[in-house]
$ cat coords-v1.txt   # compact mmCIF, C-alpha atoms
# COMPACT_ATOMS: atom_id res chain seq x y z
CA MET K 1 -43.88 90.02 -202.99
CA LYS K 2 -40.92 88.50 -204.82
CA VAL K 3 -38.52 91.09 -206.23
CA LEU K 4 -35.65 90.86 -208.71
CA LEU K 5 -32.98 93.55 -208.53
CA ILE K 6 -30.76 93.92 -211.60
CA GLY K 7 -27.09 94.87 -211.12
CA SER K 8 -23.86 94.00 -209.36
CA GLY K 9 -22.28 97.20 -208.02
CA GLY K 10 -22.21 99.27 -204.87
CA ARG K 11 -25.45 101.00 -205.85
CA GLU K 12 -27.18 97.63 -206.12
CA HIS K 13 -25.81 96.45 -202.77
CA ALA K 14 -27.24 99.61 -201.18
CA LEU K 15 -30.59 99.13 -202.93
CA ALA K 16 -30.71 95.46 -201.88
CA TRP K 17 -29.85 96.44 -198.29
CA ALA K 18 -32.75 98.92 -198.23
CA ILE K 19 -35.29 96.73 -200.09
CA ALA K 20 -34.56 93.82 -197.74
CA LYS K 21 -35.99 95.88 -194.85
CA SER K 22 -39.41 96.26 -196.49
CA PRO K 23 -42.39 94.44 -194.95
CA LEU K 24 -43.75 94.09 -198.50
CA LEU K 25 -40.88 91.76 -199.45
CA THR K 26 -41.12 87.99 -199.27
CA ARG K 27 -38.05 87.07 -201.34
CA LEU K 28 -35.31 89.13 -203.00
CA PHE K 29 -33.18 87.99 -205.93
CA ILE K 30 -30.21 89.98 -207.27
CA ALA K 31 -28.83 89.34 -210.75
CA PRO K 32 -25.95 88.90 -210.90
CA GLY K 33 -25.22 90.52 -207.54
CA ASN K 34 -21.93 90.42 -205.65
CA PRO K 35 -20.62 88.96 -202.36
CA GLY K 36 -22.21 91.83 -200.45
CA THR K 37 -25.68 91.52 -201.93
CA ALA K 38 -25.75 87.86 -200.91
CA SER K 39 -26.33 89.05 -197.33
CA ALA K 40 -29.56 90.82 -198.39
CA GLY K 41 -31.01 88.29 -200.83
CA GLU K 42 -30.22 85.49 -203.26
CA ASN K 43 -27.72 86.11 -206.05
CA VAL K 44 -28.69 84.72 -209.45
CA ALA K 45 -26.20 84.01 -212.25
CA LEU K 46 -28.21 85.64 -215.03
CA GLU K 47 -26.73 87.32 -218.09
CA ILE K 48 -28.56 90.61 -217.75
CA ALA K 49 -27.88 91.60 -221.36
CA ASP K 50 -30.13 88.67 -222.30
CA HIS K 51 -33.55 90.18 -221.69
CA ALA K 52 -35.34 86.99 -222.71
CA ALA K 53 -33.43 85.04 -220.06
CA VAL K 54 -34.35 87.62 -217.42
CA LEU K 55 -38.02 87.44 -218.44
CA ALA K 56 -37.94 83.64 -218.33
CA PHE K 57 -36.49 83.72 -214.81
CA CYS K 58 -39.22 86.15 -213.68
CA ARG K 59 -41.90 83.78 -214.97
CA LEU K 60 -40.21 80.72 -213.50
CA MET K 61 -39.89 82.28 -210.02
CA ASP K 62 -43.18 84.22 -210.12
CA ILE K 63 -41.41 87.58 -209.72
CA ALA K 64 -43.89 90.38 -209.06
CA PHE K 65 -41.55 93.34 -209.47
CA VAL K 66 -38.19 94.07 -211.09
CA VAL K 67 -35.94 96.97 -210.04
CA LEU K 68 -33.36 98.10 -212.61
CA GLY K 69 -30.14 99.37 -211.05
CA PRO K 70 -27.43 100.20 -213.64
CA ASP K 71 -27.60 102.45 -216.68
CA ALA K 72 -26.80 99.86 -219.37
CA PRO K 73 -29.93 97.66 -219.05
CA ILE K 74 -32.12 100.74 -218.70
CA VAL K 75 -30.71 102.37 -221.83
CA ALA K 76 -30.91 99.01 -223.64
CA GLY K 77 -34.67 98.85 -223.05
CA MET K 78 -34.99 96.09 -220.46
CA ALA K 79 -38.02 97.84 -218.95
CA ASP K 80 -39.81 97.74 -222.32
CA ASP K 81 -39.13 94.04 -222.80
CA LEU K 82 -40.18 93.05 -219.29
CA CYS K 83 -43.32 95.20 -219.35
CA GLN K 84 -44.31 93.67 -222.68
CA GLY K 85 -43.89 90.29 -220.99
CA GLY K 86 -46.31 91.29 -218.24
CA ILE K 87 -43.72 92.06 -215.52
CA LYS K 88 -43.97 95.22 -213.42
CA VAL K 89 -40.72 97.25 -213.55
CA PHE K 90 -39.09 100.19 -211.81
CA GLY K 91 -36.95 101.79 -214.49
CA HIS K 92 -37.35 104.05 -217.50
CA SER K 93 -38.27 102.92 -220.99
CA LYS K 94 -35.59 102.92 -223.67
CA ALA K 95 -37.06 106.12 -225.13
CA ALA K 96 -37.05 107.95 -221.78
CA ALA K 97 -33.57 106.65 -220.93
CA GLN K 98 -32.18 108.74 -223.78
CA LEU K 99 -31.91 111.41 -221.08
CA GLU K 100 -28.87 109.46 -219.91
CA GLY K 101 -27.93 107.61 -223.08
CA SER K 102 -27.44 110.75 -225.15
CA LYS K 103 -26.06 114.09 -223.96
CA ALA K 104 -27.31 115.64 -227.20
CA PHE K 105 -30.84 114.39 -226.52
CA THR K 106 -30.83 115.97 -223.07
CA LYS K 107 -29.65 119.27 -224.51
CA ALA K 108 -32.53 119.16 -226.99
CA ILE K 109 -34.97 118.62 -224.11
CA CYS K 110 -33.42 121.58 -222.30
CA ASP K 111 -33.93 123.75 -225.38
CA GLU K 112 -37.54 122.63 -225.75
CA ALA K 113 -38.43 123.04 -222.07
CA GLY K 114 -36.42 126.20 -221.39
CA ILE K 115 -34.28 124.46 -218.77
CA PRO K 116 -31.20 126.41 -217.65
CA THR K 117 -28.04 124.68 -218.83
CA ALA K 118 -24.61 125.47 -220.31
CA ALA K 119 -24.34 126.81 -223.86
CA TYR K 120 -23.28 124.00 -226.18
CA SER K 121 -22.76 122.63 -229.65
CA ARG K 122 -22.58 119.03 -230.89
CA PHE K 123 -20.32 117.42 -233.48
CA ARG K 124 -19.80 114.20 -235.43
CA ASP K 125 -16.54 115.40 -236.94
CA ALA K 126 -13.30 115.83 -235.00
CA ALA K 127 -11.96 118.67 -237.13
CA ALA K 128 -15.12 120.74 -236.72
CA ALA K 129 -15.19 120.03 -232.98
CA LYS K 130 -11.59 121.16 -232.54
CA ALA K 131 -12.22 124.29 -234.58
CA TYR K 132 -15.13 125.11 -232.25
CA VAL K 133 -12.93 124.52 -229.20
CA ARG K 134 -10.31 126.95 -230.55
CA GLN K 135 -13.03 129.50 -231.26
CA GLN K 136 -14.52 129.24 -227.76
CA GLY K 137 -11.30 128.98 -225.75
CA ALA K 138 -10.56 127.19 -222.48
CA PRO K 139 -11.65 126.13 -219.93
CA ILE K 140 -14.26 124.13 -221.82
CA VAL K 141 -16.10 120.82 -221.34
CA VAL K 142 -15.95 117.94 -223.83
CA LYS K 143 -18.51 115.14 -223.45
CA TYR K 144 -18.90 111.83 -225.23
CA ASP K 145 -22.54 111.58 -226.26
CA GLY K 146 -23.25 108.04 -225.02
CA LEU K 147 -22.60 105.89 -221.95
CA ALA K 148 -19.01 105.86 -220.75
CA LEU K 149 -19.05 104.56 -217.15
CA GLY K 150 -18.75 108.10 -215.80
CA LYS K 151 -15.48 108.66 -217.69
CA GLY K 152 -16.77 110.33 -220.85
CA VAL K 153 -16.52 113.92 -219.61
CA VAL K 154 -13.34 115.99 -219.79
CA VAL K 155 -13.24 119.40 -218.12
CA ALA K 156 -10.36 120.80 -220.15
CA ALA K 157 -8.28 123.56 -218.59
CA THR K 158 -6.34 124.15 -221.82
CA LEU K 159 -7.01 124.02 -225.56
CA ALA K 160 -4.50 121.20 -225.93
CA GLU K 161 -6.35 119.13 -223.34
CA ALA K 162 -9.69 119.78 -225.05
CA GLU K 163 -8.36 118.85 -228.50
CA ALA K 164 -6.80 115.67 -227.10
CA ALA K 165 -10.17 114.74 -225.56
CA VAL K 166 -11.91 115.27 -228.90
CA ASP K 167 -9.35 113.08 -230.68
CA ASP K 168 -9.65 110.42 -228.00
CA MET K 169 -13.44 110.24 -228.27
CA PHE K 170 -13.49 110.16 -232.07
CA ALA K 171 -10.76 107.51 -232.05
CA GLY K 172 -13.31 105.11 -230.56
CA ARG K 173 -12.33 105.02 -226.90
CA PHE K 174 -15.98 104.69 -225.87
CA GLY K 175 -17.37 103.14 -229.05
CA GLY K 176 -17.91 103.73 -232.73
CA ASP K 177 -20.13 106.28 -234.47
CA ALA K 178 -18.98 108.92 -232.01
CA GLN K 179 -20.73 112.19 -231.32
CA VAL K 180 -19.45 114.77 -228.87
CA VAL K 181 -21.14 117.63 -227.08
CA ILE K 182 -18.95 120.62 -226.26
CA GLU K 183 -20.20 122.90 -223.50
CA ALA K 184 -19.29 126.17 -221.90
CA PHE K 185 -17.53 125.73 -218.56
CA LEU K 186 -19.79 126.51 -215.60
CA GLU K 187 -18.39 127.82 -212.33
CA GLY K 188 -19.95 126.93 -209.00
CA GLU K 189 -20.57 123.99 -206.68
CA GLU K 190 -21.82 120.71 -208.12
CA VAL K 191 -24.77 118.89 -206.53
CA SER K 192 -26.66 115.70 -207.41
CA PHE K 193 -30.44 115.90 -206.95
CA PHE K 194 -32.83 112.95 -207.15
CA ALA K 195 -36.55 112.66 -207.82
CA LEU K 196 -38.97 109.89 -208.69
CA VAL K 197 -40.97 110.57 -211.85
CA HIS K 198 -43.94 108.82 -213.46
CA GLY K 199 -45.35 110.77 -216.39
CA GLU K 200 -46.02 114.24 -214.98
CA GLN K 201 -46.06 113.00 -211.38
CA VAL K 202 -42.88 113.92 -209.52
CA LEU K 203 -41.70 113.19 -205.99
CA PRO K 204 -38.54 114.92 -204.76
CA LEU K 205 -36.10 112.72 -202.86
CA THR K 206 -32.94 114.42 -201.61
CA ASN K 207 -29.47 115.61 -202.62
CA ALA K 208 -25.86 114.52 -202.42
CA GLN K 209 -22.44 115.62 -203.60
CA ASP K 210 -20.24 113.25 -205.57
CA HIS K 211 -16.44 113.51 -205.93
CA LYS K 212 -15.70 112.69 -209.57
CA ARG K 213 -11.97 113.32 -209.85
CA VAL K 214 -9.66 110.52 -208.83
CA GLY K 215 -7.35 112.56 -206.58
CA ASP K 216 -7.55 114.77 -203.51
CA GLY K 217 -8.46 118.38 -204.18
CA ASP K 218 -10.38 117.30 -207.28
CA ALA K 219 -7.21 116.48 -209.18
CA GLY K 220 -6.76 114.00 -212.01
CA PRO K 221 -9.17 112.41 -214.48
CA ASN K 222 -12.88 111.86 -213.98
CA THR K 223 -14.07 108.57 -212.52
CA GLY K 224 -17.42 106.95 -211.81
CA GLY K 225 -17.20 108.59 -208.39
CA MET K 226 -14.71 108.37 -205.52
CA GLY K 227 -17.04 109.25 -202.66
CA ALA K 228 -20.16 111.18 -201.72
CA TYR K 229 -22.05 112.72 -198.84
CA SER K 230 -25.63 113.78 -198.14
CA PRO K 231 -27.22 116.21 -197.50
CA VAL K 232 -25.29 119.12 -199.06
CA PRO K 233 -25.41 122.18 -196.76
CA VAL K 234 -25.47 124.77 -199.57
CA PHE K 235 -28.47 123.08 -201.23
CA THR K 236 -31.28 124.85 -199.39
CA GLU K 237 -35.02 124.16 -199.47
CA ALA K 238 -35.40 127.22 -201.68
CA LEU K 239 -32.88 125.82 -204.17
CA GLU K 240 -34.67 122.47 -204.17
CA ALA K 241 -37.96 124.20 -204.94
CA GLU K 242 -36.31 126.13 -207.78
CA VAL K 243 -34.81 122.95 -209.24
CA MET K 244 -38.15 121.19 -209.09
CA GLU K 245 -39.99 124.02 -210.86
CA ARG K 246 -37.34 125.02 -213.42
CA ILE K 247 -35.71 121.66 -214.20
CA ILE K 248 -37.46 118.48 -212.99
CA ARG K 249 -41.13 119.33 -213.64
CA PRO K 250 -40.49 120.84 -217.11
CA THR K 251 -38.52 117.73 -218.06
CA ALA K 252 -41.36 115.47 -216.96
CA ARG K 253 -43.91 117.55 -218.88
CA VAL K 254 -41.92 117.64 -222.12
CA MET K 255 -41.08 113.94 -222.01
CA ALA K 256 -44.74 113.07 -221.43
CA ALA K 257 -45.87 115.42 -224.22
CA ARG K 258 -43.43 113.72 -226.61
CA GLY K 259 -45.04 110.36 -225.87
CA THR K 260 -41.90 109.12 -224.08
CA PRO K 261 -42.86 109.59 -220.42
CA CYS K 262 -40.38 108.95 -217.65
CA SER K 263 -41.01 106.24 -215.08
CA GLY K 264 -38.17 105.84 -212.64
CA VAL K 265 -35.59 107.95 -210.88
CA LEU K 266 -34.22 111.11 -212.42
CA TYR K 267 -30.74 112.11 -211.24
CA ALA K 268 -30.04 115.71 -212.10
CA GLY K 269 -26.38 116.71 -212.07
CA LEU K 270 -26.49 120.41 -211.20
CA MET K 271 -24.09 123.32 -211.03
CA LEU K 272 -25.00 126.01 -208.51
CA THR K 273 -23.85 129.08 -210.43
CA LYS K 274 -24.12 132.76 -209.55
CA ASP K 275 -27.11 132.83 -211.92
CA GLY K 276 -28.86 129.96 -210.15
CA PRO K 277 -28.87 126.16 -210.57
CA LYS K 278 -28.14 124.85 -214.06
CA LEU K 279 -28.44 121.32 -215.39
CA ILE K 280 -25.14 119.66 -216.28
CA GLU K 281 -26.57 116.25 -217.19
CA TYR K 282 -29.29 113.73 -216.46
CA ASN K 283 -28.89 110.14 -215.36
CA ALA K 284 -31.80 107.72 -215.54
CA ARG K 285 -30.90 105.75 -212.39
CA PHE K 286 -29.63 106.28 -208.86
CA GLY K 287 -26.09 107.60 -208.68
CA ASP K 288 -23.16 105.50 -207.61
CA PRO K 289 -21.87 106.26 -204.94
CA GLU K 290 -24.67 108.76 -204.13
CA CYS K 291 -27.21 105.95 -203.77
CA GLN K 292 -25.24 104.52 -200.87
CA VAL K 293 -25.57 107.68 -198.76
CA LEU K 294 -29.20 108.18 -199.79
CA MET K 295 -30.12 104.70 -198.63
CA LEU K 296 -28.38 105.22 -195.28
CA ARG K 297 -30.52 108.32 -194.70
CA LEU K 298 -33.82 106.96 -196.04
CA GLU K 299 -36.54 106.44 -193.42
CA SER K 300 -39.34 105.49 -195.80
CA ASP K 301 -39.91 101.99 -197.18
CA LEU K 302 -37.84 101.98 -200.38
CA LEU K 303 -39.76 99.13 -201.99
CA ALA K 304 -43.07 100.94 -201.38
CA LEU K 305 -41.67 104.09 -203.02
CA LEU K 306 -40.35 102.26 -206.08
CA LEU K 307 -43.60 100.34 -206.48
CA ALA K 308 -45.65 103.55 -206.22
CA CYS K 309 -43.49 105.08 -208.95
CA ALA K 310 -43.94 102.09 -211.25
CA GLU K 311 -47.71 102.12 -210.68
CA GLY K 312 -48.17 105.88 -211.07
CA ARG K 313 -49.11 106.45 -207.41
CA LEU K 314 -46.47 108.98 -206.41
CA ASP K 315 -49.18 111.26 -205.04
CA GLU K 316 -49.94 108.60 -202.41
CA VAL K 317 -46.47 108.32 -200.85
CA GLN K 318 -43.87 110.45 -199.10
CA ALA K 319 -40.10 110.14 -199.10
CA ARG K 320 -38.70 110.81 -195.63
CA PHE K 321 -34.98 111.13 -194.94
CA ARG K 322 -33.15 111.36 -191.64
CA PRO K 323 -31.50 114.76 -191.11
CA GLN K 324 -28.30 113.10 -189.90
CA PRO K 325 -25.58 113.11 -192.59
CA ALA K 326 -24.09 110.11 -194.34
CA LEU K 327 -20.75 109.85 -196.15
CA THR K 328 -19.13 107.14 -198.26
CA VAL K 329 -15.51 106.65 -199.28
CA VAL K 330 -14.75 104.56 -202.37
CA LEU K 331 -11.86 102.13 -202.09
CA ALA K 332 -10.54 101.58 -205.60
CA ALA K 333 -7.99 99.22 -207.10
CA ARG K 334 -4.58 100.53 -208.06
CA GLY K 335 -4.65 101.68 -211.68
CA TYR K 336 -8.23 102.99 -211.63
CA PRO K 337 -9.68 104.81 -213.59
CA GLY K 338 -7.35 103.25 -216.14
CA ASP K 339 -6.59 99.52 -216.01
CA PRO K 340 -7.29 98.39 -212.43
CA LEU K 341 -5.33 95.63 -210.74
CA LYS K 342 -7.72 92.70 -210.16
CA GLY K 343 -7.51 89.54 -208.11
CA THR K 344 -5.81 91.02 -205.03
CA GLU K 345 -6.97 89.91 -201.58
CA ILE K 346 -8.91 92.19 -199.21
CA CYS K 347 -8.88 91.55 -195.46
CA GLY K 348 -10.29 93.26 -192.39
CA ILE K 349 -13.82 94.05 -193.60
CA GLY K 350 -15.42 92.45 -190.55
CA LYS K 351 -13.50 94.67 -188.14
CA ALA K 352 -14.26 97.77 -190.19
CA ALA K 353 -17.99 97.02 -190.45
CA ALA K 354 -18.21 96.49 -186.68
CA LEU K 355 -17.46 100.15 -185.98
CA ASP K 356 -20.36 102.26 -184.75
CA GLY K 357 -22.35 103.82 -187.58
CA VAL K 358 -20.37 102.05 -190.35
CA THR K 359 -21.89 100.10 -193.25
CA ILE K 360 -19.78 98.60 -196.03
CA PHE K 361 -21.22 98.12 -199.51
CA HIS K 362 -19.47 95.87 -202.03
CA ALA K 363 -18.96 97.45 -205.45
CA GLY K 364 -16.47 95.25 -207.31
CA THR K 365 -15.58 92.14 -205.31
CA LYS K 366 -15.69 88.38 -205.81
CA LEU K 367 -15.10 85.34 -203.64
CA ALA K 368 -12.28 82.96 -204.48
CA ALA K 369 -12.92 79.20 -204.31
CA ASP K 370 -11.27 79.14 -200.89
CA GLY K 371 -13.49 81.94 -199.57
CA ARG K 372 -11.00 84.81 -199.81
CA LEU K 373 -12.46 88.19 -200.82
CA LEU K 374 -10.81 89.55 -203.99
CA ALA K 375 -10.91 92.82 -205.91
CA ASN K 376 -12.69 92.38 -209.22
CA ALA K 377 -13.16 95.89 -210.66
CA GLY K 378 -11.94 99.47 -210.49
CA ARG K 379 -14.20 100.65 -207.69
CA VAL K 380 -14.23 97.85 -205.14
CA LEU K 381 -15.73 98.88 -201.77
CA ASN K 382 -17.87 101.72 -200.42
CA ILE K 383 -16.91 102.46 -196.82
CA SER K 384 -19.98 104.30 -195.58
CA ALA K 385 -20.99 105.87 -192.28
CA THR K 386 -23.59 108.02 -190.60
CA GLY K 387 -23.13 110.44 -187.73
CA ALA K 388 -24.72 113.26 -185.79
CA THR K 389 -22.63 115.62 -187.93
CA LEU K 390 -20.89 115.30 -191.27
CA GLY K 391 -17.57 115.47 -189.47
CA GLU K 392 -18.52 112.51 -187.29
CA ALA K 393 -19.68 110.52 -190.32
CA ARG K 394 -16.42 111.22 -192.12
CA GLY K 395 -14.35 110.31 -189.07
CA ARG K 396 -16.14 106.99 -188.76
CA ALA K 397 -15.74 106.19 -192.45
CA TYR K 398 -12.00 106.87 -192.49
CA ALA K 399 -11.51 104.98 -189.21
CA ALA K 400 -13.07 101.98 -190.98
CA VAL K 401 -10.81 102.50 -194.00
CA GLU K 402 -7.79 102.19 -191.73
CA LEU K 403 -8.93 98.76 -190.55
CA ILE K 404 -9.09 97.31 -194.04
CA ASP K 405 -5.93 95.44 -195.07
CA TRP K 406 -5.62 95.88 -198.82
CA PRO K 407 -2.22 97.25 -199.95
CA GLU K 408 -3.32 97.36 -203.60
CA GLY K 409 -6.26 99.68 -202.86
CA PHE K 410 -6.45 103.45 -202.55
CA CYS K 411 -8.97 106.18 -201.78
CA ARG K 412 -9.35 109.91 -201.67
CA ARG K 413 -8.70 111.35 -198.24
CA ASP K 414 -10.82 114.49 -198.58
CA ILE K 415 -14.41 113.32 -199.16
CA GLY K 416 -16.72 116.06 -197.93
CA TRP K 417 -14.04 118.74 -198.18
CA ARG K 418 -16.38 121.44 -199.49
CA ALA K 419 -18.62 121.16 -196.43
CA LEU K 420 -15.92 120.64 -193.78
CA PRO K 421 -12.84 122.59 -192.64
$ encode --input "coords-v1.txt" --output "structure tokens"
Amino acid sequence: MKVLLIGSGGREHALAWAIAKSPLLTRLFIAPGNPGTASAGENVALEIADHAAVLAFCRLMDIAFVVLGPDAPIVAGMADDLCQGGIKVFGHSKAAAQLEGSKAFTKAICDEAGIPTAAYSRFRDAAAAKAYVRQQGAPIVVKYDGLALGKGVVVAATLAEAEAAVDDMFAGRFGGDAQVVIEAFLEGEEVSFFALVHGEQVLPLTNAQDHKRVGDGDAGPNTGGMGAYSPVPVFTEALEAEVMERIIRPTARVMAARGTPCSGVLYAGLMLTKDGPKLIEYNARFGDPECQVLMLRLESDLLALLLACAEGRLDEVQARFRPQPALTVVLAARGYPGDPLKGTEICGIGKAAALDGVTIFHAGTKLAADGRLLANAGRVLNISATGATLGEARGRAYAAVELIDWPEGFCRRDIGWRALP
């Protein structure tokens, strides 16, 4: 079948890399893609915010299946528009994608389904929000209600930091008509868990741990993610079963009962507290950079899994993952997560990718007219590796990092620190 993958980041390069291995595939298009995805399929210069243009391309090229990668087109309702046009899609409807598009919506679902989560309150007024912060005390968590490229969450250690975050969000940093959700701070280890959902059908995938803060030791501001590894040793089979029964299945049931059923991947951001796993947030797509390590471990045919989800056949398939760990290190441009330095040249990728067990996914690159590889975003490359142990995977990834000649780039040097000495 012909498949169109929507997106241009490291997640989409990993998805393209995995889909390209499927015997079901005859031709893969990626819109708009990046220099890395071009090795797995054909990049297409489509404006993905123009749903009519995407639909027209699908009809022109006889696309049988569309896979939605990033959050923005999912939240914007691309799945609805393509399905109405007769195109089969992997990705949630606009109504179901509110689980990612609105923190307040997810909290309401938690209340309705009895899902364990942090105590919270929501505000549309900065003064009221800051009064609540002063009443609750610090540490406390301030979240922008909508999409914010992974940067709309502030874990405030002090009242001053929390009040500044409130002011920042209501000042329009992430958009107008702001709403914030303020949550109690949860202590524990954070884990990302993934499942495919279609209506009340659910298929567990696996887990990973992201590293959100920009600096070593989890210092500095939140980012879209500076690295990840999978699986997470502390996330046992018993914990997975508990998450499925107390969080994922109740969410699927409530969403279906509301008439807004899920159909796609659910990414549950969890905190493993002393009282058990609690939901921090939902995302309605694969994580980035978690997707990269998931795809390296996946044994099953990804395209077959995604198609089964879209067609409501999750009871007919299994998701098998290799037990060997995978780890990815994000190389970011100087200035990230603020204003990244773009247009700088990156060399040495070929040598790095030739190392045993290493795979490099492009996240924010472009090719110059003369063929040079340039940085074109904040997060630029995902240096990924597998190994017999997590330590071996990490060693391989950082050995590859050392072979890349890019003075304007940086990375965290402690990815996997919670699971390794």
$ closest_residue --input "coords-v1.txt" --among "K:Gly217, K:Pro139, K:Pro323, K:Gly172" --to "Arg413 of chain K" --atoms "all atoms listed in the file"
K:Gly217
$ residues_around --input "coords-v1.txt" --residues "Asn283 of chain K" --least-positions-apart "2" --cutoff "9 Å" --atoms "all atoms listed in the file" --output "PDB file with C-alpha atoms, in the coordinates of the input"
ATOM      1  CA  ASP K  71     -27.600 102.450-216.680  1.00  0.00           C
ATOM      2  CA  ALA K  97     -33.570 106.650-220.930  1.00  0.00           C
ATOM      3  CA  LEU K  99     -31.910 111.410-221.080  1.00  0.00           C
ATOM      4  CA  GLU K 100     -28.870 109.460-219.910  1.00  0.00           C
ATOM      5  CA  GLY K 101     -27.930 107.610-223.080  1.00  0.00           C
ATOM      6  CA  VAL K 265     -35.590 107.950-210.880  1.00  0.00           C
ATOM      7  CA  LEU K 266     -34.220 111.110-212.420  1.00  0.00           C
ATOM      8  CA  TYR K 267     -30.740 112.110-211.240  1.00  0.00           C
ATOM      9  CA  ALA K 268     -30.040 115.710-212.100  1.00  0.00           C
ATOM     10  CA  GLY K 269     -26.380 116.710-212.070  1.00  0.00           C
ATOM     11  CA  GLU K 281     -26.570 116.250-217.190  1.00  0.00           C
ATOM     12  CA  ARG K 285     -30.900 105.750-212.390  1.00  0.00           C
ATOM     13  CA  PHE K 286     -29.630 106.280-208.860  1.00  0.00           C
ATOM     14  CA  GLY K 287     -26.090 107.600-208.680  1.00  0.00           C
TER      15      GLY K 287
END
$ residues_around --input "coords-v1.txt" --residues "Ala171 of chain K" --least-positions-apart "6" --cutoff "12 Å" --atoms "all atoms listed in the file" --output "number ranges by chain"
K: 124-126, 144, 164-165, 177-180
$ atom_distance --input "coords-v1.txt" --atom1 "atom CA of Ile48 of chain K" --atom2 "atom CA of Lys107 of chain K"
29.5 Å
$ closest_residue --input "coords-v1.txt" --among "K:Asp218, K:Ile109, K:Ser192, K:Gly276" --to "Ala257 of chain K" --atoms "all atoms listed in the file"
K:Ile109
$ closest_residue --input "coords-v1.txt" --among "K:Ala388, K:Val75, K:Leu341, K:Ala184" --to "Ser121 of chain K" --atoms "all atoms listed in the file"
K:Ala184
$ residues_near_point --input "coords-v1.txt" --point "(-20.0, 99.1, -193.9)" --cutoff "9 Å" --atoms "only C-alpha atoms" --output "number ranges by chain"
K: 349-350, 352-355, 357-362, 381-385, 397, 400
$ closest_residue --input "coords-v1.txt" --among "K:Val67, K:Ala128, K:Ile74, K:Ala52" --to "Leu305 of chain K" --atoms "only C-alpha atoms"
K:Val67
$ closest_residue --input "coords-v1.txt" --among "K:Lys2, K:Lys88, K:Arg396, K:Arg322" --to "Arg297 of chain K" --atoms "only C-alpha atoms"
K:Arg322
$ closest_residue --input "coords-v1.txt" --among "K:Ala40, K:Ala113, K:Met169, K:Leu60" --to "Ala14 of chain K" --atoms "all atoms listed in the file"
K:Ala40
$ atom_distance --input "coords-v1.txt" --atom1 "atom CA of Arg59 of chain K" --atom2 "atom CA of Trp17 of chain K"
24.2 Å
$ atom_distance --input "coords-v1.txt" --atom1 "atom CA of His211 of chain K" --atom2 "atom CA of Phe194 of chain K"
16.4 Å
$ build_atoms --input "coords-v1.txt" --residues "segment 327-336 of chain K" --atoms "N, CA, C and O atoms" --output "PDB file, in the frame of the given file"
ATOM      1  N   LEU K 327     -21.913 109.636-195.277  1.00  0.00           N
ATOM      2  CA  LEU K 327     -20.750 109.850-196.150  1.00  0.00           C
ATOM      3  C   LEU K 327     -20.190 108.492-196.546  1.00  0.00           C
ATOM      4  O   LEU K 327     -20.185 107.554-195.737  1.00  0.00           O
ATOM      5  N   THR K 328     -19.750 108.384-197.794  1.00  0.00           N
ATOM      6  CA  THR K 328     -19.130 107.140-198.260  1.00  0.00           C
ATOM      7  C   THR K 328     -17.804 107.428-198.943  1.00  0.00           C
ATOM      8  O   THR K 328     -17.661 108.425-199.666  1.00  0.00           O
ATOM      9  N   VAL K 329     -16.834 106.579-198.680  1.00  0.00           N
ATOM     10  CA  VAL K 329     -15.510 106.650-199.280  1.00  0.00           C
ATOM     11  C   VAL K 329     -15.336 105.436-200.192  1.00  0.00           C
ATOM     12  O   VAL K 329     -15.559 104.296-199.762  1.00  0.00           O
ATOM     13  N   VAL K 330     -14.965 105.660-201.433  1.00  0.00           N
ATOM     14  CA  VAL K 330     -14.750 104.560-202.370  1.00  0.00           C
ATOM     15  C   VAL K 330     -13.311 104.067-202.255  1.00  0.00           C
ATOM     16  O   VAL K 330     -12.362 104.859-202.376  1.00  0.00           O
ATOM     17  N   LEU K 331     -13.172 102.779-202.004  1.00  0.00           N
ATOM     18  CA  LEU K 331     -11.860 102.130-202.090  1.00  0.00           C
ATOM     19  C   LEU K 331     -11.739 101.542-203.495  1.00  0.00           C
ATOM     20  O   LEU K 331     -12.558 100.706-203.898  1.00  0.00           O
ATOM     21  N   ALA K 332     -10.733 102.001-204.216  1.00  0.00           N
ATOM     22  CA  ALA K 332     -10.540 101.580-205.600  1.00  0.00           C
ATOM     23  C   ALA K 332      -9.248 100.796-205.748  1.00  0.00           C
ATOM     24  O   ALA K 332      -8.332 100.895-204.924  1.00  0.00           O
ATOM     25  N   ALA K 333      -9.173 100.022-206.826  1.00  0.00           N
ATOM     26  CA  ALA K 333      -7.990  99.220-207.100  1.00  0.00           C
ATOM     27  C   ALA K 333      -6.925 100.065-207.790  1.00  0.00           C
ATOM     28  O   ALA K 333      -7.251 100.920-208.620  1.00  0.00           O
ATOM     29  N   ARG K 334      -5.697  99.817-207.448  1.00  0.00           N
ATOM     30  CA  ARG K 334      -4.580 100.530-208.060  1.00  0.00           C
ATOM     31  C   ARG K 334      -4.697 100.458-209.597  1.00  0.00           C
ATOM     32  O   ARG K 334      -4.950  99.399-210.166  1.00  0.00           O
ATOM     33  N   GLY K 335      -4.526 101.601-210.234  1.00  0.00           N
ATOM     34  CA  GLY K 335      -4.650 101.680-211.680  1.00  0.00           C
ATOM     35  C   GLY K 335      -5.926 102.340-212.139  1.00  0.00           C
ATOM     36  O   GLY K 335      -6.014 102.832-213.267  1.00  0.00           O
ATOM     37  N   TYR K 336      -6.961 102.344-211.291  1.00  0.00           N
ATOM     38  CA  TYR K 336      -8.230 102.990-211.630  1.00  0.00           C
ATOM     39  C   TYR K 336      -8.027 104.504-211.697  1.00  0.00           C
ATOM     40  O   TYR K 336      -7.272 105.041-210.905  1.00  0.00           O
TER      41      TYR K 336
END
